[in-house]
Every structure is written in structure tokens, then in C-alpha cells.
file input-v5.pdb (PDB, C-alpha atoms and all ligand atoms)
ATOM      1  CA  MET C   1       0.000   0.000   0.000  1.00  0.00           C
ATOM      2  CA  GLY C   2       1.315   3.507  -0.836  1.00  0.00           C
ATOM      3  CA  LYS C   3       1.316   6.545   1.437  1.00  0.00           C
ATOM      4  CA  THR C   4      -1.997   7.146   3.235  1.00  0.00           C
ATOM      5  CA  THR C   5      -3.980  10.247   2.228  1.00  0.00           C
ATOM      6  CA  VAL C   6      -6.371  11.642   4.839  1.00  0.00           C
ATOM      7  CA  ILE C   7      -9.269  13.779   3.555  1.00  0.00           C
ATOM      8  CA  ALA C   8     -11.082  15.873   6.203  1.00  0.00           C
ATOM      9  CA  ILE C   9     -14.677  17.012   5.640  1.00  0.00           C
ATOM     10  CA  ALA C  10     -15.579  19.762   8.124  1.00  0.00           C
ATOM     11  CA  GLY C  11     -18.358  22.328   8.518  1.00  0.00           C
ATOM     12  CA  PRO C  12     -21.391  23.154  10.648  1.00  0.00           C
ATOM     13  CA  SER C  13     -23.736  20.617  12.152  1.00  0.00           C
ATOM     14  CA  ALA C  14     -26.201  19.268   9.551  1.00  0.00           C
ATOM     15  CA  SER C  15     -24.310  20.901   6.686  1.00  0.00           C
ATOM     16  CA  GLY C  16     -24.150  17.540   4.890  1.00  0.00           C
ATOM     17  CA  LYS C  17     -20.720  16.241   5.977  1.00  0.00           C
ATOM     18  CA  SER C  18     -21.881  12.657   6.655  1.00  0.00           C
ATOM     19  CA  LEU C  19     -23.969  12.534   3.484  1.00  0.00           C
ATOM     20  CA  PHE C  20     -21.042  13.854   1.430  1.00  0.00           C
ATOM     21  CA  ALA C  21     -18.553  11.386   2.965  1.00  0.00           C
ATOM     22  CA  SER C  22     -20.893   8.393   2.670  1.00  0.00           C
ATOM     23  CA  THR C  23     -21.825   9.249  -0.935  1.00  0.00           C
ATOM     24  CA  VAL C  24     -18.155   9.488  -1.973  1.00  0.00           C
ATOM     25  CA  TYR C  25     -17.373   6.265  -0.071  1.00  0.00           C
ATOM     26  CA  GLN C  26     -20.317   4.202  -1.331  1.00  0.00           C
ATOM     27  CA  GLU C  27     -19.977   5.264  -4.968  1.00  0.00           C
ATOM     28  CA  LEU C  28     -16.247   4.478  -4.980  1.00  0.00           C
ATOM     29  CA  VAL C  29     -16.725   1.165  -3.174  1.00  0.00           C
ATOM     30  CA  ALA C  30     -19.293   0.141  -5.809  1.00  0.00           C
ATOM     31  CA  GLU C  31     -16.785   1.043  -8.513  1.00  0.00           C
ATOM     32  CA  LEU C  32     -13.441  -0.050  -7.040  1.00  0.00           C
ATOM     33  CA  GLY C  33     -14.141  -2.216  -3.971  1.00  0.00           C
ATOM     34  CA  GLY C  34     -13.823  -1.220  -0.327  1.00  0.00           C
ATOM     35  CA  GLU C  35     -10.362  -2.370   0.732  1.00  0.00           C
ATOM     36  CA  ARG C  36      -8.489   0.844   0.022  1.00  0.00           C
ATOM     37  CA  ILE C  37     -10.866   3.445   1.530  1.00  0.00           C
ATOM     38  CA  SER C  38     -11.917   3.908   5.189  1.00  0.00           C
ATOM     39  CA  VAL C  39     -14.267   6.412   6.852  1.00  0.00           C
ATOM     40  CA  LEU C  40     -13.974   7.840  10.381  1.00  0.00           C
ATOM     41  CA  SER C  41     -16.345  10.197  12.202  1.00  0.00           C
ATOM     42  CA  GLU C  42     -15.211  12.874  14.674  1.00  0.00           C
ATOM     43  CA  ASP C  43     -18.481  12.281  16.582  1.00  0.00           C
ATOM     44  CA  ALA C  44     -17.258   8.779  17.477  1.00  0.00           C
ATOM     45  CA  TYR C  45     -14.564  10.547  19.493  1.00  0.00           C
ATOM     46  CA  TYR C  46     -16.911  12.470  21.791  1.00  0.00           C
ATOM     47  CA  ARG C  47     -15.558  11.802  25.290  1.00  0.00           C
ATOM     48  CA  ASP C  48     -16.945   8.832  27.154  1.00  0.00           C
ATOM     49  CA  GLN C  49     -19.404  10.059  29.822  1.00  0.00           C
ATOM     50  CA  SER C  50     -20.532   6.716  31.201  1.00  0.00           C
ATOM     51  CA  HIS C  51     -19.389   7.818  34.694  1.00  0.00           C
ATOM     52  CA  LEU C  52     -22.052  10.600  34.634  1.00  0.00           C
ATOM     53  CA  SER C  53     -25.832  10.277  35.040  1.00  0.00           C
ATOM     54  CA  LEU C  54     -28.028  11.000  32.001  1.00  0.00           C
ATOM     55  CA  ASP C  55     -29.198  14.223  33.707  1.00  0.00           C
ATOM     56  CA  GLN C  56     -25.565  15.351  33.978  1.00  0.00           C
ATOM     57  CA  ARG C  57     -24.699  14.311  30.400  1.00  0.00           C
ATOM     58  CA  VAL C  58     -27.404  16.495  28.832  1.00  0.00           C
ATOM     59  CA  LEU C  59     -25.699  19.551  30.369  1.00  0.00           C
ATOM     60  CA  THR C  60     -22.475  19.052  28.338  1.00  0.00           C
ATOM     61  CA  ASN C  61     -21.643  21.572  25.619  1.00  0.00           C
ATOM     62  CA  TYR C  62     -21.224  19.181  22.659  1.00  0.00           C
ATOM     63  CA  ASP C  63     -20.115  21.996  20.356  1.00  0.00           C
ATOM     64  CA  HIS C  64     -17.015  22.929  22.360  1.00  0.00           C
ATOM     65  CA  PRO C  65     -13.635  21.347  21.481  1.00  0.00           C
ATOM     66  CA  SER C  66     -13.320  20.056  25.069  1.00  0.00           C
ATOM     67  CA  ALA C  67     -16.223  17.630  24.396  1.00  0.00           C
ATOM     68  CA  PHE C  68     -14.040  15.641  21.996  1.00  0.00           C
ATOM     69  CA  GLU C  69     -11.106  13.319  22.626  1.00  0.00           C
ATOM     70  CA  HIS C  70      -9.154  14.783  19.708  1.00  0.00           C
ATOM     71  CA  GLU C  71      -5.914  13.277  21.053  1.00  0.00           C
ATOM     72  CA  LEU C  72      -7.345   9.789  20.459  1.00  0.00           C
ATOM     73  CA  LEU C  73      -8.563  10.687  16.947  1.00  0.00           C
ATOM     74  CA  ALA C  74      -5.104  12.102  16.071  1.00  0.00           C
ATOM     75  CA  ALA C  75      -3.444   8.968  17.506  1.00  0.00           C
ATOM     76  CA  HIS C  76      -5.780   6.709  15.504  1.00  0.00           C
ATOM     77  CA  LEU C  77      -5.037   8.593  12.272  1.00  0.00           C
ATOM     78  CA  GLN C  78      -1.298   8.238  12.960  1.00  0.00           C
ATOM     79  CA  SER C  79      -1.706   4.485  13.669  1.00  0.00           C
ATOM     80  CA  LEU C  80      -3.585   4.015  10.406  1.00  0.00           C
ATOM     81  CA  ARG C  81      -0.810   5.906   8.572  1.00  0.00           C
ATOM     82  CA  ASP C  82       1.700   3.582  10.268  1.00  0.00           C
ATOM     83  CA  GLY C  83      -0.169   0.557   8.910  1.00  0.00           C
ATOM     84  CA  ASN C  84      -1.914  -0.501  12.130  1.00  0.00           C
ATOM     85  CA  SER C  85      -5.646  -1.157  12.569  1.00  0.00           C
ATOM     86  CA  VAL C  86      -7.593   0.821  15.198  1.00  0.00           C
ATOM     87  CA  GLU C  87     -10.810   0.296  17.149  1.00  0.00           C
ATOM     88  CA  MET C  88     -13.033   3.331  16.466  1.00  0.00           C
ATOM     89  CA  PRO C  89     -15.386   4.095  19.382  1.00  0.00           C
ATOM     90  CA  GLN C  90     -19.144   4.123  18.751  1.00  0.00           C
ATOM     91  CA  TYR C  91     -21.316   6.933  20.068  1.00  0.00           C
ATOM     92  CA  SER C  92     -24.964   7.110  21.139  1.00  0.00           C
ATOM     93  CA  TYR C  93     -26.660  10.502  20.670  1.00  0.00           C
ATOM     94  CA  LYS C  94     -29.572   9.185  22.752  1.00  0.00           C
ATOM     95  CA  GLU C  95     -27.390   8.146  25.716  1.00  0.00           C
ATOM     96  CA  HIS C  96     -24.890  11.035  25.218  1.00  0.00           C
ATOM     97  CA  THR C  97     -21.941   8.689  25.655  1.00  0.00           C
ATOM     98  CA  ARG C  98     -19.961   5.939  23.960  1.00  0.00           C
ATOM     99  CA  ILE C  99     -21.404   2.470  23.748  1.00  0.00           C
ATOM    100  CA  LYS C 100     -19.281  -0.554  24.646  1.00  0.00           C
ATOM    101  CA  ASP C 101     -18.752  -1.860  21.101  1.00  0.00           C
ATOM    102  CA  THR C 102     -16.069  -0.473  18.811  1.00  0.00           C
ATOM    103  CA  ILE C 103     -15.655  -0.740  15.044  1.00  0.00           C
ATOM    104  CA  PRO C 104     -12.373  -2.105  13.665  1.00  0.00           C
ATOM    105  CA  VAL C 105     -10.864   0.201  11.031  1.00  0.00           C
ATOM    106  CA  THR C 106      -8.097  -1.180   8.861  1.00  0.00           C
ATOM    107  CA  PRO C 107      -5.287   0.888   7.291  1.00  0.00           C
ATOM    108  CA  ALA C 108      -6.290   2.178   3.863  1.00  0.00           C
ATOM    109  CA  ARG C 109      -4.769   4.176   1.030  1.00  0.00           C
ATOM    110  CA  VAL C 110      -7.450   6.873   1.514  1.00  0.00           C
ATOM    111  CA  ILE C 111      -9.129   7.790   4.808  1.00  0.00           C
ATOM    112  CA  LEU C 112     -12.181  10.082   4.872  1.00  0.00           C
ATOM    113  CA  VAL C 113     -12.899  11.755   8.226  1.00  0.00           C
ATOM    114  CA  GLU C 114     -15.847  14.061   8.871  1.00  0.00           C
ATOM    115  CA  GLY C 115     -16.783  16.330  11.774  1.00  0.00           C
ATOM    116  CA  ILE C 116     -17.655  19.859  12.937  1.00  0.00           C
ATOM    117  CA  LEU C 117     -14.385  20.875  14.638  1.00  0.00           C
ATOM    118  CA  LEU C 118     -11.762  18.974  12.637  1.00  0.00           C
ATOM    119  CA  LEU C 119     -10.136  22.077  11.169  1.00  0.00           C
ATOM    120  CA  CYS C 120     -10.053  23.956  14.508  1.00  0.00           C
ATOM    121  CA  ASP C 121      -7.382  21.764  16.063  1.00  0.00           C
ATOM    122  CA  PRO C 122      -3.752  22.166  14.881  1.00  0.00           C
ATOM    123  CA  LYS C 123      -2.774  18.619  15.917  1.00  0.00           C
ATOM    124  CA  LEU C 124      -5.618  17.267  13.768  1.00  0.00           C
ATOM    125  CA  ARG C 125      -4.863  19.630  10.879  1.00  0.00           C
ATOM    126  CA  ASP C 126      -1.337  18.168  10.810  1.00  0.00           C
ATOM    127  CA  GLN C 127      -2.941  14.815   9.928  1.00  0.00           C
ATOM    128  CA  PHE C 128      -4.953  16.097   6.937  1.00  0.00           C
ATOM    129  CA  ASP C 129      -3.653  16.039   3.374  1.00  0.00           C
ATOM    130  CA  ILE C 130      -6.826  17.510   1.852  1.00  0.00           C
ATOM    131  CA  SER C 131      -9.464  19.550   3.714  1.00  0.00           C
ATOM    132  CA  VAL C 132     -13.020  20.225   2.580  1.00  0.00           C
ATOM    133  CA  PHE C 133     -15.439  22.687   4.244  1.00  0.00           C
ATOM    134  CA  MET C 134     -19.192  22.303   3.757  1.00  0.00           C
ATOM    135  CA  ASP C 135     -20.375  25.912   3.484  1.00  0.00           C
ATOM    136  CA  THR C 136     -24.120  25.319   3.757  1.00  0.00           C
ATOM    137  CA  PRO C 137     -26.055  28.399   5.005  1.00  0.00           C
ATOM    138  CA  LEU C 138     -26.757  28.232   8.732  1.00  0.00           C
ATOM    139  CA  ASP C 139     -30.542  28.548   8.370  1.00  0.00           C
ATOM    140  CA  ILE C 140     -30.595  25.539   6.020  1.00  0.00           C
ATOM    141  CA  CYS C 141     -28.419  23.607   8.498  1.00  0.00           C
ATOM    142  CA  LEU C 142     -30.857  24.416  11.299  1.00  0.00           C
ATOM    143  CA  LEU C 143     -33.863  23.200   9.292  1.00  0.00           C
ATOM    144  CA  ARG C 144     -32.031  19.977   8.414  1.00  0.00           C
ATOM    145  CA  ARG C 145     -30.854  19.517  12.012  1.00  0.00           C
ATOM    146  CA  ILE C 146     -34.394  19.871  13.366  1.00  0.00           C
ATOM    147  CA  ASN C 147     -35.701  17.161  11.046  1.00  0.00           C
ATOM    148  CA  ARG C 148     -32.712  14.866  11.559  1.00  0.00           C
ATOM    149  CA  ASP C 149     -32.517  15.217  15.340  1.00  0.00           C
ATOM    150  CA  ILE C 150     -36.238  14.542  15.786  1.00  0.00           C
ATOM    151  CA  GLU C 151     -36.170  11.527  13.418  1.00  0.00           C
ATOM    152  CA  MET C 152     -32.742  10.036  14.174  1.00  0.00           C
ATOM    153  CA  ARG C 153     -31.493  11.329  17.532  1.00  0.00           C
ATOM    154  CA  GLY C 154     -34.673  11.155  19.642  1.00  0.00           C
ATOM    155  CA  ARG C 155     -34.837  14.911  20.362  1.00  0.00           C
ATOM    156  CA  SER C 156     -37.799  17.238  20.983  1.00  0.00           C
ATOM    157  CA  LEU C 157     -38.191  20.507  19.073  1.00  0.00           C
ATOM    158  CA  SER C 158     -37.761  22.529  22.292  1.00  0.00           C
ATOM    159  CA  SER C 159     -34.522  20.710  23.234  1.00  0.00           C
ATOM    160  CA  ILE C 160     -33.130  21.317  19.726  1.00  0.00           C
ATOM    161  CA  THR C 161     -33.918  25.044  19.696  1.00  0.00           C
ATOM    162  CA  GLU C 162     -32.562  25.559  23.230  1.00  0.00           C
ATOM    163  CA  GLN C 163     -29.321  23.695  22.471  1.00  0.00           C
ATOM    164  CA  TYR C 164     -29.010  25.550  19.176  1.00  0.00           C
ATOM    165  CA  GLU C 165     -29.320  29.000  20.761  1.00  0.00           C
ATOM    166  CA  HIS C 166     -26.972  28.316  23.704  1.00  0.00           C
ATOM    167  CA  TYR C 167     -24.303  26.107  22.162  1.00  0.00           C
ATOM    168  CA  VAL C 168     -24.570  25.255  18.440  1.00  0.00           C
ATOM    169  CA  ARG C 169     -24.889  28.764  16.976  1.00  0.00           C
ATOM    170  CA  PRO C 170     -22.245  30.387  19.258  1.00  0.00           C
ATOM    171  CA  ALA C 171     -19.786  27.570  18.455  1.00  0.00           C
ATOM    172  CA  PHE C 172     -20.336  28.129  14.758  1.00  0.00           C
ATOM    173  CA  PHE C 173     -19.156  31.743  15.042  1.00  0.00           C
ATOM    174  CA  GLU C 174     -16.373  31.074  17.579  1.00  0.00           C
ATOM    175  CA  PHE C 175     -14.838  27.894  16.162  1.00  0.00           C
ATOM    176  CA  ILE C 176     -16.325  26.554  12.931  1.00  0.00           C
ATOM    177  CA  ALA C 177     -16.610  29.604  10.638  1.00  0.00           C
ATOM    178  CA  PRO C 178     -13.006  30.757  11.392  1.00  0.00           C
ATOM    179  CA  SER C 179     -11.731  27.253  10.521  1.00  0.00           C
ATOM    180  CA  LYS C 180     -12.914  27.629   6.896  1.00  0.00           C
ATOM    181  CA  GLN C 181      -9.588  29.370   6.134  1.00  0.00           C
ATOM    182  CA  PHE C 182      -7.842  25.996   6.489  1.00  0.00           C
ATOM    183  CA  ALA C 183      -9.918  24.282   3.783  1.00  0.00           C
ATOM    184  CA  ASP C 184      -8.572  23.475   0.331  1.00  0.00           C
ATOM    185  CA  LEU C 185     -12.062  23.135  -1.128  1.00  0.00           C
ATOM    186  CA  VAL C 186     -15.228  24.950  -0.016  1.00  0.00           C
ATOM    187  CA  VAL C 187     -18.465  23.177  -0.956  1.00  0.00           C
ATOM    188  CA  THR C 188     -21.753  25.075  -1.206  1.00  0.00           C
ATOM    189  CA  ARG C 189     -25.252  23.638  -0.718  1.00  0.00           C
ATOM    190  CA  GLY C 190     -24.395  20.439   1.144  1.00  0.00           C
ATOM    191  CA  GLY C 191     -24.161  16.699   0.798  1.00  0.00           C
ATOM    192  CA  GLN C 192     -25.752  16.509  -2.645  1.00  0.00           C
ATOM    193  CA  ASN C 193     -23.390  18.861  -4.497  1.00  0.00           C
ATOM    194  CA  GLU C 194     -22.615  16.457  -7.340  1.00  0.00           C
ATOM    195  CA  ILE C 195     -19.779  18.491  -8.865  1.00  0.00           C
ATOM    196  CA  ALA C 196     -17.933  18.583  -5.517  1.00  0.00           C
ATOM    197  CA  ILE C 197     -18.578  14.850  -4.975  1.00  0.00           C
ATOM    198  CA  ASP C 198     -17.170  14.192  -8.439  1.00  0.00           C
ATOM    199  CA  ILE C 199     -14.044  16.324  -7.795  1.00  0.00           C
ATOM    200  CA  ILE C 200     -13.217  14.369  -4.613  1.00  0.00           C
ATOM    201  CA  LYS C 201     -13.965  11.029  -6.310  1.00  0.00           C
ATOM    202  CA  THR C 202     -11.663  11.961  -9.208  1.00  0.00           C
ATOM    203  CA  LYS C 203      -8.873  12.886  -6.771  1.00  0.00           C
ATOM    204  CA  ILE C 204      -9.297   9.588  -4.898  1.00  0.00           C
ATOM    205  CA  ARG C 205      -9.270   7.589  -8.155  1.00  0.00           C
ATOM    206  CA  GLN C 206      -5.965   9.326  -9.052  1.00  0.00           C
ATOM    207  CA  LEU C 207      -4.484   8.482  -5.630  1.00  0.00           C
ATOM    208  CA  LEU C 208      -5.560   4.842  -5.905  1.00  0.00           C
ATOM    209  CA  ALA C 209      -4.021   4.572  -9.373  1.00  0.00           C
ATOM    210  CA  GLU C 210      -0.575   5.829  -8.202  1.00  0.00           C
TER
HETATM  211  N1  LIG C 301     -28.164  18.823  -0.212  1.00  0.00           N
HETATM  212  C1  LIG C 301     -29.059  18.302   0.642  1.00  0.00           C
HETATM  213  N2  LIG C 301     -30.369  18.368   0.354  1.00  0.00           N
HETATM  214  C2  LIG C 301     -31.286  17.877   1.211  1.00  0.00           C
HETATM  215  N3  LIG C 301     -31.006  17.286   2.389  1.00  0.00           N
HETATM  216  C3  LIG C 301     -29.712  17.197   2.724  1.00  0.00           C
HETATM  217  C4  LIG C 301     -28.664  17.697   1.882  1.00  0.00           C
HETATM  218  N4  LIG C 301     -27.476  17.470   2.500  1.00  0.00           N
HETATM  219  C5  LIG C 301     -27.776  16.849   3.679  1.00  0.00           C
HETATM  220  N5  LIG C 301     -29.104  16.686   3.799  1.00  0.00           N
HETATM  221  C6  LIG C 301     -29.830  16.080   4.945  1.00  0.00           C
HETATM  222  O1  LIG C 301     -29.609  16.951   6.055  1.00  0.00           O
HETATM  223  C7  LIG C 301     -29.425  16.187   7.240  1.00  0.00           C
HETATM  224  C8  LIG C 301     -28.054  16.514   7.805  1.00  0.00           C
HETATM  225  O2  LIG C 301     -27.081  15.999   6.922  1.00  0.00           O
HETATM  226  P1  LIG C 301     -25.820  15.235   7.502  1.00  0.00           P
HETATM  227  O3  LIG C 301     -25.065  14.677   6.346  1.00  0.00           O
HETATM  228  O4  LIG C 301     -26.213  14.321   8.618  1.00  0.00           O
HETATM  229  O5  LIG C 301     -25.046  16.514   8.106  1.00  0.00           O
HETATM  230  P2  LIG C 301     -23.757  16.587   9.030  1.00  0.00           P
HETATM  231  O6  LIG C 301     -23.033  15.291   8.910  1.00  0.00           O
HETATM  232  O7  LIG C 301     -22.996  17.754   8.470  1.00  0.00           O
HETATM  233  O8  LIG C 301     -24.263  16.859  10.405  1.00  0.00           O
HETATM  234  C9  LIG C 301     -29.565  14.713   6.863  1.00  0.00           C
HETATM  235  O9  LIG C 301     -30.883  14.307   7.126  1.00  0.00           O
HETATM  236  C10 LIG C 301     -29.282  14.718   5.351  1.00  0.00           C
HETATM  237  O10 LIG C 301     -29.930  13.662   4.691  1.00  0.00           O
HETATM  238  N1  LIG C 302     -24.712  13.875  22.747  1.00  0.00           N
HETATM  239  C1  LIG C 302     -24.634  14.730  21.719  1.00  0.00           C
HETATM  240  C2  LIG C 302     -23.484  14.843  20.946  1.00  0.00           C
HETATM  241  C3  LIG C 302     -23.481  15.733  19.901  1.00  0.00           C
HETATM  242  N2  LIG C 302     -24.566  16.494  19.621  1.00  0.00           N
HETATM  243  C4  LIG C 302     -24.556  17.451  18.499  1.00  0.00           C
HETATM  244  O1  LIG C 302     -24.042  16.844  17.341  1.00  0.00           O
HETATM  245  C5  LIG C 302     -23.482  17.844  16.519  1.00  0.00           C
HETATM  246  C6  LIG C 302     -22.320  17.270  15.735  1.00  0.00           C
HETATM  247  O2  LIG C 302     -22.756  16.237  14.893  1.00  0.00           O
HETATM  248  P1  LIG C 302     -23.260  16.546  13.395  1.00  0.00           P
HETATM  249  O3  LIG C 302     -23.512  15.177  12.830  1.00  0.00           O
HETATM  250  O4  LIG C 302     -24.501  17.371  13.496  1.00  0.00           O
HETATM  251  O5  LIG C 302     -22.146  17.273  12.704  1.00  0.00           O
HETATM  252  C7  LIG C 302     -23.034  18.984  17.414  1.00  0.00           C
HETATM  253  O6  LIG C 302     -23.491  20.214  16.900  1.00  0.00           O
HETATM  254  C8  LIG C 302     -23.690  18.661  18.762  1.00  0.00           C
HETATM  255  O7  LIG C 302     -24.498  19.716  19.224  1.00  0.00           O
HETATM  256  C9  LIG C 302     -25.690  16.367  20.402  1.00  0.00           C
HETATM  257  O8  LIG C 302     -26.703  17.077  20.151  1.00  0.00           O
HETATM  258  N3  LIG C 302     -25.710  15.489  21.427  1.00  0.00           N
END
call {"tool": "encode", "arguments": {"input": "input-v5.pdb", "output": "C-alpha cells"}}
result
Amino acid sequence: MGKTTVIAIAGPSASGKSLFASTVYQELVAELGGERISVLSEDAYYRDQSHLSLDQRVLTNYDHPSAFEHELLAAHLQSLRDGNSVEMPQYSYKEHTRIKDTIPVTPARVILVEGILLLCDPKLRDQFDISVFMDTPLDICLLRRINRDIEMRGRSLSSITEQYEHYVRPAFFEFIAPSKQFADLVVTRGGQNEIAIDIIKTKIRQLLAE
């Protein structure tokens, strides 16, 4: 296997990062097979809070860098670059903590990693060869987050709007928007921007052909 290339996909919550990463991954796996591409999620590296009660866990600010174990994500990316498999944690948005199971991730020629604060952290930025920022307007993100969090994450409308006002929106202006400067490619509209998906797929095909 040649040198590993890590592609980061960052941007606000519900901007389409997961959809973008999974579309690129699934379309390339259908075309080329899955052995040479892996996907990681920053959300899997939210800190374990199993020592706290559920009432205490809901008080955490999940949009602040301190909520993530970025050291572990950076270490896992380095291990994958070094040719070693890692056990990626799994996270429950309903329980607000990690679950016991992990997912084995094998070293791959191309690693896609997606998450809100990836480009804010210098030790993570050092691990990225290509960085993409999903520049979806914040009002569209909010509408998508409301639908997704009610359907997929077991949230009420009032809990979503309260969390959004106190934590999600402030973190966008303090951490996420300023991190756009570190992106190589800025993608408008979200996870269904077919031209942007095609550009990343073309780059990955080139890397896999080297
Ligand atoms: N371009 C788009 N058009 C319509 N819905 C979209 C688009 N991009 C993403 N979505 C939807 O918005 C929600 C949030 O997208 P997701 O990929 O989970 O965002 P993120 O990973 O950035 O939080 C999901 O339900 C997804 O299907
Ligand atoms: N227990 C948690 C953990 C995280 N969140 C929110 O998830 C967002 C990041 O994930 P995306 O898929 O939306 O990028 C982040 O904005 C957190 O507020 C949560 O609500 N509960």
C-alpha cells in the first residue's frame, strides 16, 4: 500500500458532511471495492461520559472542542498511517456517551474523516492532506438539524432550539466559521453537491491509481 492520504470534511452541524462522505465512499466502493478506503467520524470521538448520570450528560456543551477526545482521533489517524488497525469508538446521541462496542478500522490508502471541529485543532490539521469545508447556510443547516434530530437522535423541538441557541450557533461563530480558512475546497449547498462529490472522487481515483 502507498502513502496514506487523509481527507477531512468539516463544517457546521447538519451541513451535509456525513452525506457527502458516505456518498463518496459508497460510490467508490461500488466502482473499485472497499479495501483501500476507510471512513472515520469525529463524533465517534466524543468523550466517554458513562461515569455521569443521564441528567448530567445532557448539560455538556457538545459543540465545544473540550467535548471531543481529539488526542485519540489524532493517535488513531497516525496508527492508520503507520499501517496498524484501530478500534473506532461508537457513540450514542440518545445516551450522550460511547457504547461498549467499537468498530475495527483497517489501514487504507485513503481515509475520509468528517466532523464539525476537525479544522479547529492544529494537531488534527497536521494529519490532513486535503481539507473540505461544507459551506451550507446556517438557516438551512438548522432546518435539516431539526428534522434529523427529531427523526434520528430522539430529540424534541424545544430541546433542539434551546441547544441551538446556547451552544450550536455560538460555536459556529467562535470555532467553525473561522476554521474555513484551512480548507482546500469549499463546498456550497451540502451533501448533494454532485460536482464537488465528483471532484473528490476523481482525486481519490488518481491516488488509488498511483
Ligand atoms: N443537499 C441536501 N439536500 C437535502 N437534504 C440534505 C442535503 N445534504 C444533507 N441533507 C440532509 O440533512 C441532514 C443533515 O445531513 P448530515 O449529512 O447528517 O449533516 P452533518 O453530517 O454535516 O451533520 C440529513 O438528514 C441529510 O440527509
Ligand atoms: N450527545 C450529543 C453529541 C453531539 N450532539 C450534536 O451533534 C453535533 C455534531 O454532529 P453533526 O452530525 O450534526 O455534525 C453537534 O453540533 C452537537 O451539538 C448532540 O446534540 N448530542
call {"tool": "residues_near_ligand", "arguments": {"input": "input-v5.pdb", "ligand": "ligand LIG 302 (chain C)", "cutoff": "9 Å", "atoms": "all atoms listed in the file", "output": "PyMOL selection string"}}
result
chain C and resi 10-18+41-43+46+57-58+60-64+67+91-97+114-117+141+145+148-149+153+155+160+163-164+167-169+171-172
call {"tool": "atom_distance", "arguments": {"input": "input-v5.pdb", "atom1": "CA of Ser179 (chain C)", "atom2": "CA of Cys120 (chain C)"}}
result
5.4 Å
call {"tool": "closest_residue", "arguments": {"input": "input-v5.pdb", "among": "C:Glu210, C:Glu165, C:Glu151, C:Asp135", "to": "Ala196 (chain C)", "atoms": "only C-alpha atoms"}}
result
C:Asp135
call {"tool": "closest_residue", "arguments": {"input": "input-v5.pdb", "among": "C:Phe173, C:Phe133, C:Phe182, C:Tyr25", "to": "ligand LIG 301 (chain C)", "atoms": "all atoms listed in the file"}}
result
C:Phe133
call {"tool": "resolve_selection", "arguments": {"input": "input-v5.pdb", "expression": "the PyMOL selection byres (((chain C and resi 127) around 8) and not hetatm)", "output": "JSON, numbers by chain"}}
result
{"C": [6, 74, 77, 78, 123, 124, 125, 126, 128, 129]}
call {"tool": "closest_residue", "arguments": {"input": "input-v5.pdb", "among": "C:Leu118, C:Thr161, C:Glu174, C:Leu112", "to": "Ile146 (chain C)", "atoms": "all atoms listed in the file"}}
result
C:Thr161
call {"tool": "atom_distance", "arguments": {"input": "input-v5.pdb", "atom1": "CA of Leu73 (chain C)", "atom2": "CA of Lys180 (chain C)"}}
result
20.2 Å
call {"tool": "atom_distance", "arguments": {"input": "input-v5.pdb", "atom1": "CA of Gln206 (chain C)", "atom2": "CA of Val105 (chain C)"}}
result
22.6 Å
call {"tool": "closest_residue", "arguments": {"input": "input-v5.pdb", "among": "C:Asp139, C:Glu162, C:Glu31, C:Asp184", "to": "ligand LIG 301 (chain C)", "atoms": "only C-alpha atoms and all ligand atoms"}}
result
C:Asp139
call {"tool": "residues_near_point", "arguments": {"input": "input-v5.pdb", "point": "(-0.9, 5.4, 1.8)", "cutoff": "7 Å", "atoms": "only C-alpha atoms", "output": "VMD selection string"}}
result
chain C and resid 1 to 5 81 108 to 110
call {"tool": "axis_aligned_box", "arguments": {"input": "input-v5.pdb", "around": "ligand LIG 301 (chain C)", "padding_each_side": "4 Å", "output": "AutoDock Vina command-line options"}}
result
--center_x -27.1 --center_y 16.2 --center_z 5.1 --size_x 16.3 --size_y 13.2 --size_z 18.6
call {"tool": "closest_residue", "arguments": {"input": "input-v5.pdb", "among": "C:Ile9, C:Ile37, C:Met88, C:Ile176", "to": "ligand LIG 301 (chain C)", "atoms": "all atoms listed in the file"}}
result
C:Ile9
call {"tool": "resolve_selection", "arguments": {"input": "input-v5.pdb", "expression": "the PyMOL selection byres (((chain C and resi 20) around 8) and not hetatm)", "output": "number ranges by chain"}}
result
C: 16-19, 21-24, 190-192, 197
call {"tool": "closest_residue", "arguments": {"input": "input-v5.pdb", "among": "C:Ile140, C:Ile103, C:Ala177, C:Ala44", "to": "ligand LIG 301 (chain C)", "atoms": "only C-alpha atoms and all ligand atoms"}}
result
C:Ile140
